[in-house]
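Before any comments, here is the structure.
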Amino acid sequence: MILILKSGVDEAEIEPIRRLLTGQNIIMQDIVGETTRMIGLAGDTSSISEDAVMCFPCVERIMRIQEPYKLAGRKFHPADSMYEISGRRIGAGEFAVIAGPCSVESEEQILSVARDVKASGASFLRGGAFKPRTSPYAFRGLGLDGLELLRLARQKTGLPIVTEIMSQEYLDAFAEHVDVIQIGARNMQNFALLQQVGSIGKPVLLKRGLSSTLEELLMAAEYIMAGGSQEVILCERGIRTFETATRNTLDLSAIPVLRQRTHLPVVIDPSHATGYWHLVEPMALAAVAAGADGLIIEVHNHPEAALCDGAQSITPQVFHRLMRKADAVRAAIR
Ligand code: PEP
Ligand code: MN
């Protein structure tokens, strides 16, 4: 950590800072330039409160050198993480695709889609039982009945299930029946939920918030990991920008940036990122080319009749073609 001091400060003004830091096992090193004076701080600086230091009038600003995400960062965990979840692998070169409808709607729908995506090579089945909808009058999922249908689909196909938790109320049901617990974009900074989901110790798919920075995403992952779960998968699902031609703007640069900063696997959701089914395949392939560890894709057997997100859902036939092209892209960049 480096404290940059205001120009012209004298020793008497700096003295209170030295007193604050003395006894905290911090090494202080003065750096005196012609116009700028700084104090370099080494040691365990995590206990230093930036707010407290900024209260001293002689401090202009503070520069943190280390990232605040110790568990999610690469510093103490340089190698890529790989998880084996109910027999499927993701991370460190193991590519996985999560596919299924936006919402679980009926037994016929979820079983039909589950069988189709499995046949095309998906590793996990997705499907919302509890849906975060902007309107309280929209279809908000089948709730626990939806969870029951996902269990049935897993039993029939063997595909592990990924589904979103919206409230602590259902923690026990998710702990018992869900293979990967999804935290949706809208709950990325619901810190109480993050910590409680982390305490279950199950794998978590964490989606980036609609207007969140990558550092905020990593800090949200840190909450889950500090809560107990070490198996966090990050998901870029598009962010809010001024562009209106697509539902969100897919931030593909998140892949190499996150790869540099974290050992956690990164998956891309081209469905929510674009909002239109015909944009899903090209952006999925671009994500594979950019080095994503996986994809999460909305697939529906009758998109025109879907109760949620039909316009961005691809049919099983389009999904099959996408999977073959993704194989070709992966082979080409290997
Ligand atoms: C979803 O995956 O079903 C979903 C609601 O996505 P997001 O949280 O990214 O909007
Ligand atoms: Mn959706």
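Chain labels follow the order of the structure tokens: the first chain is A, the next B, and so on; residue numbering restarts at 1 in every chain, and ligands are counted from 1 in their shown order.
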Using only C-alpha atoms and all ligand atoms, what table do you get, as a Markdown table, when you list each residue of chain A with an atom no more than 12 Å from ligand 2, its nearest pair of atoms, and their distance in Å rounded to one decimal, rows by chain then rising number?
```
| residue | atom | partner | partner_atom_place_in_ligand_line | distance |
| --- | --- | --- | --- | --- |
| A:Ala99 | CA | ligand 2 | 1 (Mn) | 11.3 |
| A:Gly100 | CA | ligand 2 | 1 (Mn) | 9.9 |
| A:Pro101 | CA | ligand 2 | 1 (Mn) | 7.6 |
| A:Cys102 | CA | ligand 2 | 1 (Mn) | 4.1 |
| A:Ser103 | CA | ligand 2 | 1 (Mn) | 7.0 |
| A:Val104 | CA | ligand 2 | 1 (Mn) | 10.7 |
| A:Arg126 | CA | ligand 2 | 1 (Mn) | 10.1 |
| A:Gly127 | CA | ligand 2 | 1 (Mn) | 8.7 |
| A:Gly128 | CA | ligand 2 | 1 (Mn) | 7.9 |
| A:Ala129 | CA | ligand 2 | 1 (Mn) | 11.2 |
| A:Phe130 | CA | ligand 2 | 1 (Mn) | 11.1 |
| A:Lys131 | CA | ligand 2 | 1 (Mn) | 8.3 |
| A:Pro132 | CA | ligand 2 | 1 (Mn) | 9.1 |
| A:Arg133 | CA | ligand 2 | 1 (Mn) | 9.4 |
| A:Thr134 | CA | ligand 2 | 1 (Mn) | 11.8 |
| A:Phe139 | CA | ligand 2 | 1 (Mn) | 11.6 |
| A:Arg140 | CA | ligand 2 | 1 (Mn) | 11.1 |
| A:Gly141 | CA | ligand 2 | 1 (Mn) | 11.1 |
| A:Thr163 | CA | ligand 2 | 1 (Mn) | 11.2 |
| A:Glu164 | CA | ligand 2 | 1 (Mn) | 10.7 |
| A:Gly184 | CA | ligand 2 | 1 (Mn) | 10.0 |
| A:Ala185 | CA | ligand 2 | 1 (Mn) | 11.0 |
| A:Arg237 | CA | ligand 2 | 1 (Mn) | 10.5 |
| A:Arg247 | CA | ligand 2 | 1 (Mn) | 11.5 |
| A:Asp269 | CA | ligand 2 | 1 (Mn) | 9.9 |
| A:Pro270 | CA | ligand 2 | 1 (Mn) | 10.7 |
| A:Ser271 | CA | ligand 2 | 1 (Mn) | 7.5 |
| A:His272 | CA | ligand 2 | 1 (Mn) | 6.3 |
| A:Ala273 | CA | ligand 2 | 1 (Mn) | 10.1 |
| A:Thr274 | CA | ligand 2 | 1 (Mn) | 11.2 |
| A:Gly275 | CA | ligand 2 | 1 (Mn) | 8.9 |
| A:Tyr276 | CA | ligand 2 | 1 (Mn) | 11.3 |
| A:Trp277 | CA | ligand 2 | 1 (Mn) | 11.7 |
| A:Ile296 | CA | ligand 2 | 1 (Mn) | 10.5 |
| A:Ile297 | CA | ligand 2 | 1 (Mn) | 9.1 |
| A:Glu298 | CA | ligand 2 | 1 (Mn) | 6.9 |
| A:Val299 | CA | ligand 2 | 1 (Mn) | 9.9 |
| A:His300 | CA | ligand 2 | 1 (Mn) | 10.8 |
| A:Pro303 | CA | ligand 2 | 1 (Mn) | 11.7 |
| A:Ala306 | CA | ligand 2 | 1 (Mn) | 10.3 |
| A:Leu307 | CA | ligand 2 | 1 (Mn) | 9.9 |
| A:Cys308 | CA | ligand 2 | 1 (Mn) | 6.4 |
| A:Asp309 | CA | ligand 2 | 1 (Mn) | 5.1 |
| A:Gly310 | CA | ligand 2 | 1 (Mn) | 8.3 |
| A:Ala311 | CA | ligand 2 | 1 (Mn) | 9.8 |
| A:Gln312 | CA | ligand 2 | 1 (Mn) | 8.0 |
| A:Ser313 | CA | ligand 2 | 1 (Mn) | 8.3 |
| A:Ile314 | CA | ligand 2 | 1 (Mn) | 11.7 |
```
> Which parts of stretch 164-286 of chain A does DSSP call helix (DSSP H, G or I) when run on the backbone here, written out as a VMD selection string?
Replying inline: chain A and resid 168 to 177 185 to 187 191 to 200 214 to 227 254 to 261 270 to 274 277 to 286
Given the selection you just returned, output its residues as a file containing C-alpha atoms, formatted as a PDB file, in the first residue's frame.
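Saved to out.pdb:
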```
ATOM      1  CA  GLN A 168     -32.392 -18.005   2.191  1.00  0.00           C
ATOM      2  CA  GLU A 169     -35.781 -19.589   2.873  1.00  0.00           C
ATOM      3  CA  TYR A 170     -35.019 -22.447   0.451  1.00  0.00           C
ATOM      4  CA  LEU A 171     -31.407 -23.062   1.472  1.00  0.00           C
ATOM      5  CA  ASP A 172     -32.133 -26.556   2.843  1.00  0.00           C
ATOM      6  CA  ALA A 173     -34.002 -27.666  -0.277  1.00  0.00           C
ATOM      7  CA  PHE A 174     -31.162 -26.402  -2.506  1.00  0.00           C
ATOM      8  CA  ALA A 175     -28.528 -28.030  -0.281  1.00  0.00           C
ATOM      9  CA  GLU A 176     -30.292 -31.352  -0.645  1.00  0.00           C
ATOM     10  CA  HIS A 177     -31.305 -31.396  -4.313  1.00  0.00           C
ATOM     11  CA  ALA A 185     -27.208 -11.105 -11.690  1.00  0.00           C
ATOM     12  CA  ARG A 186     -29.730  -9.267  -9.515  1.00  0.00           C
ATOM     13  CA  ASN A 187     -28.477 -10.948  -6.356  1.00  0.00           C
ATOM     14  CA  PHE A 191     -24.125 -10.278   0.633  1.00  0.00           C
ATOM     15  CA  ALA A 192     -26.197 -12.134   3.233  1.00  0.00           C
ATOM     16  CA  LEU A 193     -27.351 -14.592   0.544  1.00  0.00           C
ATOM     17  CA  LEU A 194     -23.796 -15.006  -0.797  1.00  0.00           C
ATOM     18  CA  GLN A 195     -22.445 -15.852   2.632  1.00  0.00           C
ATOM     19  CA  GLN A 196     -25.241 -18.276   3.442  1.00  0.00           C
ATOM     20  CA  VAL A 197     -25.010 -20.066   0.110  1.00  0.00           C
ATOM     21  CA  GLY A 198     -21.238 -20.287   0.654  1.00  0.00           C
ATOM     22  CA  SER A 199     -21.802 -21.930   4.040  1.00  0.00           C
ATOM     23  CA  ILE A 200     -23.510 -24.924   2.383  1.00  0.00           C
ATOM     24  CA  LEU A 214     -15.149  -7.304 -12.573  1.00  0.00           C
ATOM     25  CA  GLU A 215     -13.604  -6.358  -9.238  1.00  0.00           C
ATOM     26  CA  GLU A 216     -17.094  -6.310  -7.683  1.00  0.00           C
ATOM     27  CA  LEU A 217     -17.757  -9.731  -9.224  1.00  0.00           C
ATOM     28  CA  LEU A 218     -14.555 -11.068  -7.679  1.00  0.00           C
ATOM     29  CA  MET A 219     -15.425  -9.555  -4.300  1.00  0.00           C
ATOM     30  CA  ALA A 220     -18.833 -11.269  -4.479  1.00  0.00           C
ATOM     31  CA  ALA A 221     -17.013 -14.559  -5.176  1.00  0.00           C
ATOM     32  CA  GLU A 222     -14.820 -13.771  -2.170  1.00  0.00           C
ATOM     33  CA  TYR A 223     -17.940 -13.564   0.027  1.00  0.00           C
ATOM     34  CA  ILE A 224     -19.026 -17.037  -1.068  1.00  0.00           C
ATOM     35  CA  MET A 225     -15.539 -18.474  -0.588  1.00  0.00           C
ATOM     36  CA  ALA A 226     -15.093 -16.814   2.801  1.00  0.00           C
ATOM     37  CA  GLY A 227     -18.490 -18.322   3.690  1.00  0.00           C
ATOM     38  CA  ALA A 254     -14.034 -10.255 -19.118  1.00  0.00           C
ATOM     39  CA  ILE A 255     -12.648 -13.670 -20.087  1.00  0.00           C
ATOM     40  CA  PRO A 256      -8.949 -12.748 -20.465  1.00  0.00           C
ATOM     41  CA  VAL A 257      -9.152 -10.148 -17.681  1.00  0.00           C
ATOM     42  CA  LEU A 258     -10.634 -12.645 -15.208  1.00  0.00           C
ATOM     43  CA  ARG A 259      -8.228 -15.334 -16.383  1.00  0.00           C
ATOM     44  CA  GLN A 260      -5.379 -13.023 -15.392  1.00  0.00           C
ATOM     45  CA  ARG A 261      -6.829 -12.149 -11.979  1.00  0.00           C
ATOM     46  CA  PRO A 270     -24.735 -15.498 -24.638  1.00  0.00           C
ATOM     47  CA  SER A 271     -28.518 -15.852 -24.131  1.00  0.00           C
ATOM     48  CA  HIS A 272     -29.031 -13.146 -21.499  1.00  0.00           C
ATOM     49  CA  ALA A 273     -26.134 -11.146 -22.951  1.00  0.00           C
ATOM     50  CA  THR A 274     -27.792 -10.693 -26.352  1.00  0.00           C
ATOM     51  CA  TRP A 277     -31.729 -16.401 -30.348  1.00  0.00           C
ATOM     52  CA  HIS A 278     -29.919 -15.692 -33.630  1.00  0.00           C
ATOM     53  CA  LEU A 279     -27.098 -13.898 -31.770  1.00  0.00           C
ATOM     54  CA  VAL A 280     -26.527 -16.776 -29.348  1.00  0.00           C
ATOM     55  CA  GLU A 281     -24.467 -19.002 -31.639  1.00  0.00           C
ATOM     56  CA  PRO A 282     -21.993 -16.349 -32.904  1.00  0.00           C
ATOM     57  CA  MET A 283     -21.360 -14.987 -29.415  1.00  0.00           C
ATOM     58  CA  ALA A 284     -21.039 -18.486 -27.943  1.00  0.00           C
ATOM     59  CA  LEU A 285     -18.373 -19.303 -30.528  1.00  0.00           C
ATOM     60  CA  ALA A 286     -16.591 -16.006 -29.871  1.00  0.00           C
TER      61      ALA A 286
END
```
>> When you look at A:Gly294 with a cut-off of 7 Å (counting only C-alpha atoms), what residues show up, excluding the ones that are within fewer than 3 positions of it in the same chain? I need them as a list in words.
In response: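 Near A:Gly294, the qualifying residues are Phe95, Ala96, Val97, Val266, Val267 and Ile268 of chain A.
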Mind writing the picked residues with N, CA and C atoms as a compact mmCIF listing (two decimals), in the first residue's frame?
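Saved to selection-v9.txt:
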```txt
# COMPACT_ATOMS: atom_id res chain seq x y z
N PHE A 95 -13.78 -28.20 -20.47
CA PHE A 95 -14.84 -27.33 -20.98
C PHE A 95 -16.21 -27.95 -20.69
N ALA A 96 -17.15 -27.15 -20.21
CA ALA A 96 -18.47 -27.70 -19.89
C ALA A 96 -19.57 -26.77 -20.37
N VAL A 97 -20.65 -27.35 -20.86
CA VAL A 97 -21.80 -26.56 -21.30
C VAL A 97 -23.01 -26.88 -20.42
N VAL A 266 -14.44 -19.54 -15.74
CA VAL A 266 -15.29 -18.46 -16.25
C VAL A 266 -16.19 -19.02 -17.36
N VAL A 267 -17.49 -18.83 -17.21
CA VAL A 267 -18.41 -19.26 -18.28
C VAL A 267 -19.15 -18.03 -18.83
N ILE A 268 -19.62 -18.18 -20.05
CA ILE A 268 -20.31 -17.07 -20.73
C ILE A 268 -21.76 -17.46 -21.01
```
> Which is closest to ligand 1 among A:Gly238, A:Gly93, A:Gly158, A:Gly73, if we use only C-alpha atoms and all ligand atoms?
Replying inline: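 Ranked by minimum distance to ligand 1, first place goes to A:Gly238.
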>> Using only C-alpha atoms, which protein or nucleic acid residues come within 7 Å of A:Met28? Drop anything in the same chain fewer than 5 positions from it, and give the result as a list in words.
In response: Ile39, Gly40, Leu41 and Ala42 of chain A
Please, could you write that set of residues out with N, CA and C atoms as a compact mmCIF listing (two decimals), in the first residue's frame?
```
# COMPACT_ATOMS: atom_id res chain seq x y z
N ILE A 39 4.54 7.46 1.44
CA ILE A 39 4.98 6.48 2.44
C ILE A 39 4.56 5.10 1.91
N GLY A 40 5.54 4.23 1.71
CA GLY A 40 5.24 2.85 1.29
C GLY A 40 5.01 2.00 2.53
N LEU A 41 3.94 1.22 2.52
CA LEU A 41 3.63 0.37 3.66
C LEU A 41 3.74 -1.09 3.22
N ALA A 42 4.54 -1.87 3.97
CA ALA A 42 4.68 -3.30 3.65
C ALA A 42 4.31 -4.12 4.88
```
>> Taking the DSSP secondary structure from the backbone, can you list the residues of stretch 67-239 of chain A that are strand (DSSP E), as a ChimeraX atom specification?
In response: /A:83-85,88-90,96-100,124-126,161-164,180-183,204-207,232-236
Env of A:Glu60: 7 Å cut, atoms = only C-alpha atoms, seq-sep filter 2 positions within chain, self excluded. Answer as an mmCIF file with all heavy atoms, in the first residue's frame.
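Wrote it out as part_15.cif, contents follow:
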```cif
data_model
loop_
_atom_site.group_PDB
_atom_site.id
_atom_site.type_symbol
_atom_site.label_atom_id
_atom_site.label_comp_id
_atom_site.auth_asym_id
_atom_site.auth_seq_id
_atom_site.Cartn_x
_atom_site.Cartn_y
_atom_site.Cartn_z
ATOM 1 N N ILE A 4 -0.031 8.518 -0.680
ATOM 2 C CA ILE A 4 0.498 9.678 -1.411
ATOM 3 C C ILE A 4 0.083 10.919 -0.629
ATOM 4 O O ILE A 4 -1.109 11.114 -0.338
ATOM 5 C CB ILE A 4 -0.023 9.696 -2.855
ATOM 6 C CG1 ILE A 4 0.489 8.410 -3.546
ATOM 7 C CG2 ILE A 4 0.448 10.944 -3.606
ATOM 8 C CD1 ILE A 4 -0.294 7.969 -4.707
ATOM 9 N N LEU A 5 1.076 11.713 -0.234
ATOM 10 C CA LEU A 5 0.800 12.854 0.650
ATOM 11 C C LEU A 5 0.635 14.139 -0.166
ATOM 12 O O LEU A 5 1.135 14.247 -1.293
ATOM 13 C CB LEU A 5 1.949 13.011 1.650
ATOM 14 C CG LEU A 5 2.254 11.733 2.472
ATOM 15 C CD1 LEU A 5 3.437 11.979 3.409
ATOM 16 C CD2 LEU A 5 1.042 11.274 3.268
ATOM 17 N N LYS A 6 -0.057 15.079 0.434
ATOM 18 C CA LYS A 6 -0.245 16.369 -0.245
ATOM 19 C C LYS A 6 1.089 17.099 -0.310
ATOM 20 O O LYS A 6 1.957 16.883 0.560
ATOM 21 C CB LYS A 6 -1.258 17.207 0.534
ATOM 22 C CG LYS A 6 -2.670 16.657 0.370
ATOM 23 C CD LYS A 6 -3.692 17.538 1.015
ATOM 24 C CE LYS A 6 -5.063 16.892 0.909
ATOM 25 N NZ LYS A 6 -5.927 17.213 2.026
ATOM 26 N N CYS A 58 -3.182 15.354 5.724
ATOM 27 C CA CYS A 58 -1.991 15.363 4.859
ATOM 28 C C CYS A 58 -2.054 14.300 3.756
ATOM 29 O O CYS A 58 -1.218 14.292 2.857
ATOM 30 C CB CYS A 58 -0.734 15.158 5.704
ATOM 31 S SG CYS A 58 -0.725 13.583 6.541
#
```
> Which residues come within 9 Å of A:Val113, counting only C-alpha atoms, excluding same-chain residues fewer than 2 positions away, as a ChimeraX atom specification?
Replying inline: /A:99-101,108-111,115-118,125,299-301,315-316
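One finds atom CA of A:Gly8 at 27.0 Å from atom CA of A:Gly23.
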> Nearest to ligand 1 among A:Asn25, A:Thr262, A:Thr213, A:Gln182, with distances taken over only C-alpha atoms and all ligand atoms: which residue is it?
Replying inline: A:Gln182
> Using only C-alpha atoms, which of the listed residues (A:Met1, A:Ala12, A:Leu144, A:Asp293) sits closest to A:Ile98?
Replying inline: A:Asp293
>> List the spatial neighbours of A:Val288 as a list of chain:residue names - criterion: any atom at most 7 Å away, only C-alpha atoms, same-chain residues fewer than 4 positions off excluded.
In response: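 Listed by chain and then number, they are A:Ala284, A:Ala292, A:Ala326, A:Val329, A:Arg330.
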> What is the atom CA of A:Ser123-atom CA of A:Arg89 distance in Å, reported with one decimal?
Replying inline: 8.4 Å
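We find atom CA of A:Ala122 and atom CA of A:Asp251 to be spaced 23.4 Å apart.
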